[in-house]
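Heads up, entry_14.cif below (mmCIF, C-alpha atoms, pLDDT in the B column; chains and numbers go by the auth columns):
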```
data_work
#
loop_
_atom_site.group_PDB
_atom_site.id
_atom_site.type_symbol
_atom_site.label_atom_id
_atom_site.label_comp_id
_atom_site.label_asym_id
_atom_site.label_seq_id
_atom_site.Cartn_x
_atom_site.Cartn_y
_atom_site.Cartn_z
_atom_site.B_iso_or_equiv
_atom_site.auth_seq_id
_atom_site.auth_asym_id
ATOM 1 C CA MET A 1 107.468 48.620 67.650 86.00 896 A
ATOM 2 C CA ILE A 2 107.366 51.258 64.907 87.00 897 A
ATOM 3 C CA THR A 3 108.552 50.752 61.342 90.00 898 A
ATOM 4 C CA VAL A 4 108.753 53.748 58.991 88.00 899 A
ATOM 5 C CA HIS A 5 108.683 53.859 55.184 86.00 900 A
ATOM 6 C CA THR A 6 108.862 57.090 53.161 81.00 901 A
ATOM 7 C CA HIS A 7 107.396 57.777 49.714 76.00 902 A
ATOM 8 C CA SER A 8 107.081 60.677 47.250 61.00 903 A
ATOM 9 C CA GLU A 9 110.551 61.981 48.102 66.00 904 A
ATOM 10 C CA GLY A 10 109.733 62.006 51.800 66.00 905 A
ATOM 11 C CA ALA A 11 106.441 63.899 51.554 79.00 906 A
ATOM 12 C CA GLN A 12 104.448 60.780 52.478 85.00 907 A
ATOM 13 C CA ILE A 13 105.272 58.576 55.457 88.00 908 A
ATOM 14 C CA GLU A 14 103.901 55.116 56.223 92.00 909 A
ATOM 15 C CA VAL A 15 104.179 54.008 59.828 91.00 910 A
ATOM 16 C CA GLU A 16 103.537 50.406 60.908 92.00 911 A
ATOM 17 C CA LEU A 17 102.609 49.866 64.551 90.00 912 A
ATOM 18 C CA SER A 18 102.951 46.392 66.078 90.00 913 A
ATOM 19 C CA GLY A 19 103.396 44.884 69.517 90.00 914 A
ATOM 20 C CA GLU A 20 103.747 47.472 72.263 87.00 915 A
ATOM 21 C CA VAL A 21 104.993 50.897 71.207 85.00 916 A
ATOM 22 C CA THR A 22 107.462 52.584 73.562 82.00 917 A
ATOM 23 C CA SER A 23 108.827 56.098 73.925 81.00 918 A
ATOM 24 C CA LYS A 24 112.109 54.809 72.489 86.00 919 A
ATOM 25 C CA ASP A 25 110.253 53.866 69.272 82.00 920 A
ATOM 26 C CA TYR A 26 109.143 57.481 68.995 76.00 921 A
ATOM 27 C CA SER A 27 112.444 59.140 69.851 82.00 922 A
ATOM 28 C CA GLU A 28 114.652 56.889 67.722 85.00 923 A
ATOM 29 C CA THR A 29 112.372 56.033 64.781 86.00 924 A
ATOM 30 C CA LEU A 30 109.262 58.132 64.225 82.00 925 A
ATOM 31 C CA VAL A 31 110.291 61.621 65.355 82.00 926 A
ATOM 32 C CA PRO A 32 113.547 61.682 63.295 84.00 927 A
ATOM 33 C CA ALA A 33 111.634 60.516 60.197 86.00 928 A
ATOM 34 C CA ILE A 34 108.965 63.219 60.542 83.00 929 A
ATOM 35 C CA GLU A 35 111.463 65.982 61.306 84.00 930 A
ATOM 36 C CA ALA A 36 113.614 64.975 58.332 86.00 931 A
ATOM 37 C CA ALA A 37 110.540 65.093 56.086 85.00 932 A
ATOM 38 C CA LEU A 38 109.526 68.518 57.400 82.00 933 A
ATOM 39 C CA GLU A 39 112.979 69.916 56.657 83.00 934 A
ATOM 40 C CA ALA A 40 112.321 69.249 52.958 80.00 935 A
ATOM 41 C CA HIS A 41 108.549 69.832 52.856 78.00 936 A
ATOM 42 C CA ASP A 42 106.130 72.330 54.375 75.00 937 A
ATOM 43 C CA ALA A 43 103.806 69.477 55.367 78.00 938 A
ATOM 44 C CA VAL A 44 103.748 65.687 55.180 85.00 939 A
ATOM 45 C CA ARG A 45 101.068 63.036 54.793 87.00 940 A
ATOM 46 C CA LEU A 46 101.041 60.245 57.352 88.00 941 A
ATOM 47 C CA LEU A 47 99.554 56.772 56.935 93.00 942 A
ATOM 48 C CA ALA A 48 99.500 54.727 60.156 91.00 943 A
ATOM 49 C CA ILE A 49 99.081 50.973 59.618 94.00 944 A
ATOM 50 C CA VAL A 50 98.028 49.312 62.867 91.00 945 A
ATOM 51 C CA GLN A 51 98.860 45.638 62.680 93.00 946 A
ATOM 52 C CA PRO A 52 96.570 43.032 64.341 92.00 947 A
ATOM 53 C CA GLU A 53 99.219 42.267 66.981 90.00 948 A
ATOM 54 C CA PHE A 54 99.377 45.920 68.115 86.00 949 A
ATOM 55 C CA LYS A 55 98.897 45.999 71.900 83.00 950 A
ATOM 56 C CA GLY A 56 98.970 49.727 72.513 79.00 951 A
ATOM 57 C CA TYR A 57 101.362 52.263 74.054 72.00 952 A
ATOM 58 C CA ASP A 58 103.264 52.285 77.283 65.00 953 A
ATOM 59 C CA LEU A 59 102.927 55.505 79.323 63.00 954 A
ATOM 60 C CA GLY A 60 106.120 56.993 77.913 61.00 955 A
ATOM 61 C CA ALA A 61 104.959 56.406 74.352 55.00 956 A
ATOM 62 C CA ALA A 62 101.568 57.961 75.076 57.00 957 A
ATOM 63 C CA TRP A 63 103.313 61.115 76.306 50.00 958 A
ATOM 64 C CA SER A 64 105.649 61.071 73.297 53.00 959 A
ATOM 65 C CA ASP A 65 102.621 60.776 71.009 59.00 960 A
ATOM 66 C CA THR A 66 101.071 63.864 72.612 56.00 961 A
ATOM 67 C CA LYS A 67 104.300 65.868 72.350 57.00 962 A
ATOM 68 C CA LEU A 68 104.741 64.853 68.720 59.00 963 A
ATOM 69 C CA GLY A 69 101.265 66.062 67.835 55.00 964 A
ATOM 70 C CA LEU A 70 101.642 69.382 69.653 54.00 965 A
ATOM 71 C CA SER A 71 105.129 70.183 68.361 61.00 966 A
ATOM 72 C CA HIS A 72 104.211 69.419 64.755 61.00 967 A
ATOM 73 C CA TRP A 73 100.578 70.567 64.878 62.00 968 A
ATOM 74 C CA ARG A 74 100.782 72.362 61.519 68.00 969 A
ATOM 75 C CA GLY A 75 103.145 69.871 59.945 77.00 970 A
ATOM 76 C CA PHE A 76 100.609 67.304 58.765 82.00 971 A
ATOM 77 C CA ASP A 77 98.750 67.766 55.513 80.00 972 A
ATOM 78 C CA ARG A 78 96.687 64.561 55.753 84.00 973 A
ATOM 79 C CA ILE A 79 96.470 61.572 58.114 88.00 974 A
ATOM 80 C CA ALA A 80 95.070 58.112 57.381 92.00 975 A
ATOM 81 C CA VAL A 81 94.811 55.228 59.803 93.00 976 A
ATOM 82 C CA ALA A 82 94.313 51.617 58.687 95.00 977 A
ATOM 83 C CA ALA A 83 93.240 49.436 61.600 93.00 978 A
ATOM 84 C CA ASP A 84 90.815 46.663 62.470 95.00 979 A
ATOM 85 C CA GLN A 85 90.716 47.315 66.219 92.00 980 A
ATOM 86 C CA GLY A 86 87.480 49.052 67.148 92.00 981 A
ATOM 87 C CA TRP A 87 89.080 51.062 69.956 88.00 982 A
ATOM 88 C CA VAL A 88 91.707 52.457 67.572 88.00 983 A
ATOM 89 C CA GLN A 89 89.092 53.447 64.973 92.00 984 A
ATOM 90 C CA THR A 90 86.904 55.097 67.624 92.00 985 A
ATOM 91 C CA SER A 91 89.820 57.023 69.135 88.00 986 A
ATOM 92 C CA ILE A 92 90.844 58.424 65.743 88.00 987 A
ATOM 93 C CA ARG A 93 87.292 59.411 64.792 89.00 988 A
ATOM 94 C CA LEU A 94 86.838 61.238 68.108 88.00 989 A
ATOM 95 C CA ALA A 95 90.100 63.157 67.622 84.00 990 A
ATOM 96 C CA ALA A 96 89.557 63.953 63.925 83.00 991 A
ATOM 97 C CA PRO A 97 87.321 67.060 64.338 80.00 992 A
ATOM 98 C CA ILE A 98 89.938 68.956 66.358 79.00 993 A
ATOM 99 C CA LEU A 99 92.926 68.095 64.163 79.00 994 A
ATOM 100 C CA PRO A 100 94.087 70.759 61.672 75.00 995 A
ATOM 101 C CA CYS A 101 94.184 68.384 58.683 80.00 996 A
ATOM 102 C CA PRO A 102 91.990 65.800 56.936 82.00 997 A
ATOM 103 C CA VAL A 103 91.760 62.471 58.781 87.00 998 A
ATOM 104 C CA GLN A 104 90.308 59.216 57.438 90.00 999 A
ATOM 105 C CA VAL A 105 89.954 55.751 58.978 94.00 1000 A
ATOM 106 C CA PHE A 106 90.182 52.516 56.968 95.00 1001 A
ATOM 107 C CA GLU A 107 90.041 48.782 57.641 95.00 1002 A
ATOM 108 C CA LEU A 108 93.296 46.894 57.047 95.00 1003 A
ATOM 109 C CA SER A 109 91.619 45.227 54.064 95.00 1004 A
ATOM 110 C CA GLU A 110 91.239 48.750 52.606 94.00 1005 A
ATOM 111 C CA LEU A 111 94.946 49.557 52.777 93.00 1006 A
ATOM 112 C CA GLU A 112 95.272 50.251 49.046 92.00 1007 A
ATOM 113 C CA ALA A 113 92.233 52.536 49.220 89.00 1008 A
ATOM 114 C CA ALA A 114 93.963 54.379 52.070 91.00 1009 A
ATOM 115 C CA ARG A 115 97.077 54.801 49.934 90.00 1010 A
ATOM 116 C CA ARG A 116 94.991 56.150 47.043 84.00 1011 A
ATOM 117 C CA TRP A 117 93.307 58.588 49.407 85.00 1012 A
ATOM 118 C CA MET A 118 96.717 59.769 50.544 84.00 1013 A
ATOM 119 C CA ARG A 119 97.774 60.491 46.966 78.00 1014 A
ATOM 120 C CA GLU A 120 94.645 61.927 45.409 72.00 1015 A
ATOM 121 C CA SER A 121 93.247 65.418 45.474 65.00 1016 A
ATOM 122 C CA LEU A 122 90.021 65.500 47.476 63.00 1017 A
ATOM 123 C CA GLY A 123 88.639 68.633 45.921 73.00 1018 A
ATOM 124 C CA ALA A 124 89.263 71.314 43.356 81.00 1019 A
ATOM 125 C CA ILE A 125 88.961 75.069 42.941 85.00 1020 A
ATOM 126 C CA HIS A 126 88.416 76.414 39.436 88.00 1021 A
ATOM 127 C CA VAL A 127 89.008 80.098 38.692 89.00 1022 A
ATOM 128 C CA THR A 128 87.291 81.320 35.502 92.00 1023 A
ATOM 129 C CA ASP A 129 87.304 84.706 33.783 92.00 1024 A
ATOM 130 C CA LEU A 130 83.682 85.561 32.866 92.00 1025 A
ATOM 131 C CA GLY A 131 84.675 88.668 30.955 89.00 1026 A
ATOM 132 C CA GLY A 132 84.822 92.293 32.038 90.00 1027 A
ATOM 133 C CA PRO A 133 85.176 92.609 35.806 90.00 1028 A
ATOM 134 C CA CYS A 134 83.467 89.258 36.531 92.00 1029 A
ATOM 135 C CA VAL A 135 85.318 86.240 37.908 91.00 1030 A
ATOM 136 C CA GLN A 136 83.917 82.842 38.879 92.00 1031 A
ATOM 137 C CA ILE A 137 85.389 80.651 41.605 89.00 1032 A
ATOM 138 C CA SER A 138 83.941 77.131 41.744 90.00 1033 A
ATOM 139 C CA LEU A 139 84.587 75.120 44.919 86.00 1034 A
ATOM 140 C CA MET A 140 84.192 71.379 44.380 82.00 1035 A
ATOM 141 C CA GLY A 141 84.423 68.386 46.707 79.00 1036 A
ATOM 142 C CA LYS A 142 86.297 68.599 50.021 73.00 1037 A
ATOM 143 C CA LEU A 143 89.107 71.093 49.831 77.00 1038 A
ATOM 144 C CA ASP A 144 92.588 70.840 51.293 71.00 1039 A
ATOM 145 C CA PRO A 145 95.148 73.667 51.671 72.00 1040 A
ATOM 146 C CA GLU A 146 97.062 72.764 48.489 72.00 1041 A
ATOM 147 C CA GLU A 147 94.032 73.601 46.354 77.00 1042 A
ATOM 148 C CA TYR A 148 93.892 77.088 47.863 78.00 1043 A
ATOM 149 C CA GLN A 149 97.550 77.716 47.085 80.00 1044 A
ATOM 150 C CA GLN A 150 96.983 77.045 43.396 82.00 1045 A
ATOM 151 C CA ALA A 151 93.710 79.000 43.395 84.00 1046 A
ATOM 152 C CA GLU A 152 95.446 82.031 44.871 85.00 1047 A
ATOM 153 C CA ARG A 153 98.067 81.947 42.129 86.00 1048 A
ATOM 154 C CA ASP A 154 95.380 81.630 39.456 87.00 1049 A
ATOM 155 C CA LEU A 155 93.330 84.462 40.952 86.00 1050 A
ATOM 156 C CA ASP A 156 96.347 86.768 41.287 86.00 1051 A
ATOM 157 C CA THR A 157 97.219 86.189 37.630 88.00 1052 A
ATOM 158 C CA LEU A 158 93.660 86.924 36.524 87.00 1053 A
ATOM 159 C CA LEU A 159 93.253 90.032 38.656 86.00 1054 A
ATOM 160 C CA SER A 160 96.575 91.528 37.581 85.00 1055 A
ATOM 161 C CA SER A 161 94.813 92.930 34.499 83.00 1056 A
ATOM 162 C CA LYS A 162 91.738 94.239 36.368 83.00 1057 A
ATOM 163 C CA ASN A 163 91.282 97.359 38.514 82.00 1058 A
ATOM 164 C CA GLY A 164 88.552 95.643 40.515 83.00 1059 A
ATOM 165 C CA PHE A 165 86.369 92.595 40.174 87.00 1060 A
ATOM 166 C CA ARG A 166 82.952 91.057 40.778 89.00 1061 A
ATOM 167 C CA LEU A 167 82.928 87.527 42.139 87.00 1062 A
ATOM 168 C CA LEU A 168 80.634 84.581 41.453 90.00 1063 A
ATOM 169 C CA ILE A 169 81.163 81.925 44.140 87.00 1064 A
ATOM 170 C CA ASP A 170 79.829 78.591 42.895 91.00 1065 A
ATOM 171 C CA LEU A 171 79.123 76.207 45.806 87.00 1066 A
ATOM 172 C CA ARG A 172 76.837 73.779 43.975 87.00 1067 A
ATOM 173 C CA GLU A 173 79.324 70.894 44.280 83.00 1068 A
ATOM 174 C CA PHE A 174 81.104 72.017 47.451 82.00 1069 A
ATOM 175 C CA ASP A 175 81.265 69.477 50.297 74.00 1070 A
ATOM 176 C CA GLY A 176 83.327 71.404 52.843 73.00 1071 A
ATOM 177 C CA TRP A 177 86.885 71.678 54.072 72.00 1072 A
ATOM 178 C CA GLN A 178 89.382 68.937 54.862 60.00 1073 A
ATOM 179 C CA GLY A 179 90.439 70.110 58.306 58.00 1074 A
ATOM 180 C CA LEU A 180 91.038 73.424 60.039 56.00 1075 A
ATOM 181 C CA THR A 181 94.084 74.272 57.930 59.00 1076 A
ATOM 182 C CA ALA A 182 91.996 74.286 54.751 57.00 1077 A
ATOM 183 C CA LEU A 183 89.376 76.490 56.397 54.00 1078 A
ATOM 184 C CA ALA A 184 92.101 78.939 57.442 61.00 1079 A
ATOM 185 C CA ALA A 185 93.414 78.960 53.857 64.00 1080 A
ATOM 186 C CA HIS A 186 89.912 79.842 52.654 63.00 1081 A
ATOM 187 C CA PHE A 187 89.790 82.942 54.835 56.00 1082 A
ATOM 188 C CA ARG A 188 93.334 83.957 53.858 66.00 1083 A
ATOM 189 C CA LEU A 189 92.358 83.805 50.191 67.00 1084 A
ATOM 190 C CA ALA A 190 89.263 85.930 50.777 62.00 1085 A
ATOM 191 C CA ARG A 191 91.072 88.468 52.988 62.00 1086 A
ATOM 192 C CA GLY A 192 93.895 88.915 50.475 69.00 1087 A
ATOM 193 C CA HIS A 193 91.566 90.156 47.727 71.00 1088 A
ATOM 194 C CA VAL A 194 88.704 91.842 49.557 69.00 1089 A
ATOM 195 C CA GLY A 195 89.961 95.360 48.815 74.00 1090 A
ATOM 196 C CA MET A 196 89.369 94.901 45.078 79.00 1091 A
ATOM 197 C CA LEU A 197 85.907 93.343 45.371 81.00 1092 A
ATOM 198 C CA ASP A 198 82.910 95.308 44.092 83.00 1093 A
ATOM 199 C CA ARG A 199 80.104 92.754 44.518 84.00 1094 A
ATOM 200 C CA ALA A 200 79.659 89.012 45.024 85.00 1095 A
ATOM 201 C CA ALA A 201 77.034 86.432 44.128 88.00 1096 A
ATOM 202 C CA ILE A 202 76.926 83.120 46.018 87.00 1097 A
ATOM 203 C CA VAL A 203 75.228 80.134 44.380 91.00 1098 A
ATOM 204 C CA GLY A 204 74.336 76.990 46.318 87.00 1099 A
ATOM 205 C CA ASP A 205 71.618 74.927 47.948 85.00 1100 A
ATOM 206 C CA LYS A 206 72.560 74.571 51.609 79.00 1101 A
ATOM 207 C CA ALA A 207 71.134 76.732 54.378 77.00 1102 A
ATOM 208 C CA TRP A 208 74.568 77.540 55.811 71.00 1103 A
ATOM 209 C CA GLN A 209 75.638 78.914 52.422 68.00 1104 A
ATOM 210 C CA HIS A 210 72.743 81.374 52.483 70.00 1105 A
ATOM 211 C CA MET A 211 73.755 82.371 56.008 72.00 1106 A
ATOM 212 C CA ALA A 212 77.372 82.768 54.841 68.00 1107 A
ATOM 213 C CA GLN A 213 76.210 85.280 52.238 65.00 1108 A
ATOM 214 C CA ARG A 214 74.620 87.415 54.952 67.00 1109 A
ATOM 215 C CA VAL A 215 77.789 87.332 57.022 66.00 1110 A
ATOM 216 C CA ALA A 216 79.928 88.051 53.954 63.00 1111 A
ATOM 217 C CA SER A 217 77.935 91.186 53.156 63.00 1112 A
ATOM 218 C CA HIS A 218 79.159 92.697 56.427 60.00 1113 A
ATOM 219 C CA VAL A 219 82.684 91.258 56.468 60.00 1114 A
ATOM 220 C CA LEU A 220 83.552 91.970 52.837 61.00 1115 A
ATOM 221 C CA GLY A 221 82.109 95.470 52.762 63.00 1116 A
ATOM 222 C CA ALA A 222 80.649 94.766 49.309 69.00 1117 A
ATOM 223 C CA ARG A 223 77.170 94.088 47.994 81.00 1118 A
ATOM 224 C CA THR A 224 76.363 90.374 48.032 83.00 1119 A
ATOM 225 C CA GLN A 225 73.390 88.231 47.060 86.00 1120 A
ATOM 226 C CA PHE A 226 72.525 84.534 47.383 89.00 1121 A
ATOM 227 C CA PHE A 227 71.034 82.508 44.525 93.00 1122 A
ATOM 228 C CA PRO A 228 69.787 78.883 44.615 91.00 1123 A
ATOM 229 C CA SER A 229 71.408 76.478 42.137 91.00 1124 A
ATOM 230 C CA GLU A 230 68.588 76.714 39.600 93.00 1125 A
ATOM 231 C CA ASP A 231 69.182 80.478 39.361 94.00 1126 A
ATOM 232 C CA PHE A 232 72.832 80.148 38.344 94.00 1127 A
ATOM 233 C CA GLU A 233 72.375 82.103 35.102 94.00 1128 A
ATOM 234 C CA ASN A 234 70.448 84.803 36.955 95.00 1129 A
ATOM 235 C CA ALA A 235 73.380 85.116 39.353 94.00 1130 A
ATOM 236 C CA LYS A 236 75.735 85.733 36.437 94.00 1131 A
ATOM 237 C CA SER A 237 73.364 88.338 35.000 94.00 1132 A
ATOM 238 C CA TRP A 238 73.032 90.124 38.357 93.00 1133 A
ATOM 239 C CA LEU A 239 76.797 90.164 38.721 91.00 1134 A
ATOM 240 C CA ALA A 240 77.360 91.726 35.309 90.00 1135 A
ATOM 241 C CA ALA A 241 74.531 94.292 35.501 88.00 1136 A
ATOM 242 C CA GLY A 242 74.965 97.882 36.599 61.00 1137 A
#
```

Is it possible to give me this structure as structure tokens?
Amino acid sequence: MITVHTHSEGAQIEVELSGEVTSKDYSETLVPAIEAALEAHDAVRLLAIVQPEFKGYDLGAAWSDTKLGLSHWRGFDRIAVAADQGWVQTSIRLAAPILPCPVQVFELSELEAARRWMRESLGAIHVTDLGGPCVQISLMGKLDPEEYQQAERDLDTLLSSKNGFRLLIDLREFDGWQGLTALAAHFRLARGHVGMLDRAAIVGDKAWQHMAQRVASHVLGARTQFFPSEDFENAKSWLAAG
């Protein structure tokens, strides 16, 4: 059995699973709710609450679950699952790396924490004008696609008064991307402004960030340099010099 509740004007859906779930539960309850939400929103957040009496899917429901995921692959902004069954938690964690959105697993006793996670922003991007041609972009926490949308608007506004720019990328508090969609948004943001870029400084502490600087120097077609966190001020000076 599937029971659906919608919140935030349909942008967030809570789904309760109990007993044995059938293909009819999908076709008559879950699919219409998700498709109605996607008509009003570009993406929705889904919280699945797996009740203790949940027995699993019949074969038709398993196929319906697969079709739902494939047909709405880009439609989910965030997915949380609250469950006590070990096999459910393990299944979700194994699937999470290949899903295009952030996925988190909670115990049923953590249901309110799951709801908070569904509402809150998991990361932030700050765009700062450093004066002259220099711009700083600070990536913080784990980023989702919504943060990139706002960052692109902020960057476009800032660059509208500049003929070109030099970029300081601050990764000191960056923890990564929340799913493949956020990673794709990162590359779209970079690609959309690469033609105006004169040089870039990358500040961070992780080995992969240093490697990213080397790759960026070839991809961006601009001079780049990596600085460890303690050399943050030196990075700003290098960016402004010359």

Using the chain letters and numbers from this file, what does the PyMOL selection byres ((chain A and resi 1067) around 9) select? Give the answer as an mmCIF file with C-alpha atoms, in the coordinates of the input.
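So expr.cif came out as:
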```cif
data_model
loop_
_atom_site.group_PDB
_atom_site.id
_atom_site.type_symbol
_atom_site.label_atom_id
_atom_site.label_comp_id
_atom_site.auth_asym_id
_atom_site.auth_seq_id
_atom_site.Cartn_x
_atom_site.Cartn_y
_atom_site.Cartn_z
ATOM 1 C CA SER A 1033 83.941 77.131 41.744
ATOM 2 C CA LEU A 1034 84.587 75.120 44.919
ATOM 3 C CA MET A 1035 84.192 71.379 44.380
ATOM 4 C CA ASP A 1065 79.829 78.591 42.895
ATOM 5 C CA LEU A 1066 79.123 76.207 45.806
ATOM 6 C CA GLU A 1068 79.324 70.894 44.280
ATOM 7 C CA PHE A 1069 81.104 72.017 47.451
ATOM 8 C CA ASP A 1070 81.265 69.477 50.297
ATOM 9 C CA VAL A 1098 75.228 80.134 44.380
ATOM 10 C CA GLY A 1099 74.336 76.990 46.318
ATOM 11 C CA ASP A 1100 71.618 74.927 47.948
ATOM 12 C CA LYS A 1101 72.560 74.571 51.609
ATOM 13 C CA PRO A 1123 69.787 78.883 44.615
ATOM 14 C CA SER A 1124 71.408 76.478 42.137
#
```

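One distance worth recording is that between CA of Leu1063 in chain A and CA of Leu1025 in chain A, which is 9.2 Å.
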
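Residue selection for this entry, given the PyMOL selection byres ((chain A and resi 987-991) around 12), comprises Ala943, Val945, Gly964, Arg973, Ile974, Ala975, Val976, Ala977, Ala978, Gln980, Gly981, Trp982, Val983, Gln984, Thr985, Ser986, Pro992, Ile993, Leu994, Pro995, Cys996, Pro997, Val998, Gln999, Val1000, Phe1001, Gln1073, Gly1074 and Leu1075 of chain A.
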
Dump as a PyMOL selection string all residues having an atom at most 8 Å from (81.1, 85.1, 44.7), computed in the file's coordinates with all atoms listed in the file. chain A and resi 1031-1032+1061-1065+1094-1098+1119

What gap, in Å, lies between CA of Ala1008 in chain A and CA of Ala1046 in chain A? 27.1 Å

Using all atoms listed in the file, pick whichever of A:Arg940, A:Arg1014, A:Lys919, A:His1088 has the shortest atom-to-atom distance to His900 in chain A. A:Arg940

CA of Gln1045 in chain A to CA of Ile1020 in chain A: how many Å, to one decimal? 8.3 Å

Pick the closest to Leu1054 in chain A from A:Glu1042, A:Val1022, A:Gly1071, A:Lys1131: which is it, counting all atoms listed in the file? A:Val1022

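If you apply the PyMOL selection byres ((chain A and resi 949) around 7) to this structure, you end up with Leu912, Ser913, Gly914, Glu915, Val945, Gln946, Pro947, Glu948, Lys950 and Gly951 of chain A.
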
Put those residues in a file: C-alpha atoms, as a JSON list (two decimals), in the frame of the given file.
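part34.json, written as the output of this step:
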```json
[["chain", "number", "residue", "atom", "x", "y", "z"],
["A", 912, "LEU", "CA", 102.61, 49.87, 64.55],
["A", 913, "SER", "CA", 102.95, 46.39, 66.08],
["A", 914, "GLY", "CA", 103.40, 44.88, 69.52],
["A", 915, "GLU", "CA", 103.75, 47.47, 72.26],
["A", 945, "VAL", "CA", 98.03, 49.31, 62.87],
["A", 946, "GLN", "CA", 98.86, 45.64, 62.68],
["A", 947, "PRO", "CA", 96.57, 43.03, 64.34],
["A", 948, "GLU", "CA", 99.22, 42.27, 66.98],
["A", 950, "LYS", "CA", 98.90, 46.00, 71.90],
["A", 951, "GLY", "CA", 98.97, 49.73, 72.51]]
```

Hey, what's within 7 Å of range 908-910 of chain A if we count all atoms listed in the file and toss same-chain stuff fewer than 5 positions away? As a VMD selection string, please? chain A and resid 897 to 902 940 to 944

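Comparing the minimum interatomic distances between Glu911 in chain A and each of A:Leu933, A:Pro1040, A:Leu1006, A:Ala1102, counting only C-alpha atoms, we find that A:Leu1006 sits nearest.
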
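Distances here use only C-alpha atoms; by that measure, the residue among A:Gln1044, A:Ser1132, A:Gln907, A:Ser1055 closest to Phe971 in chain A is A:Gln907.
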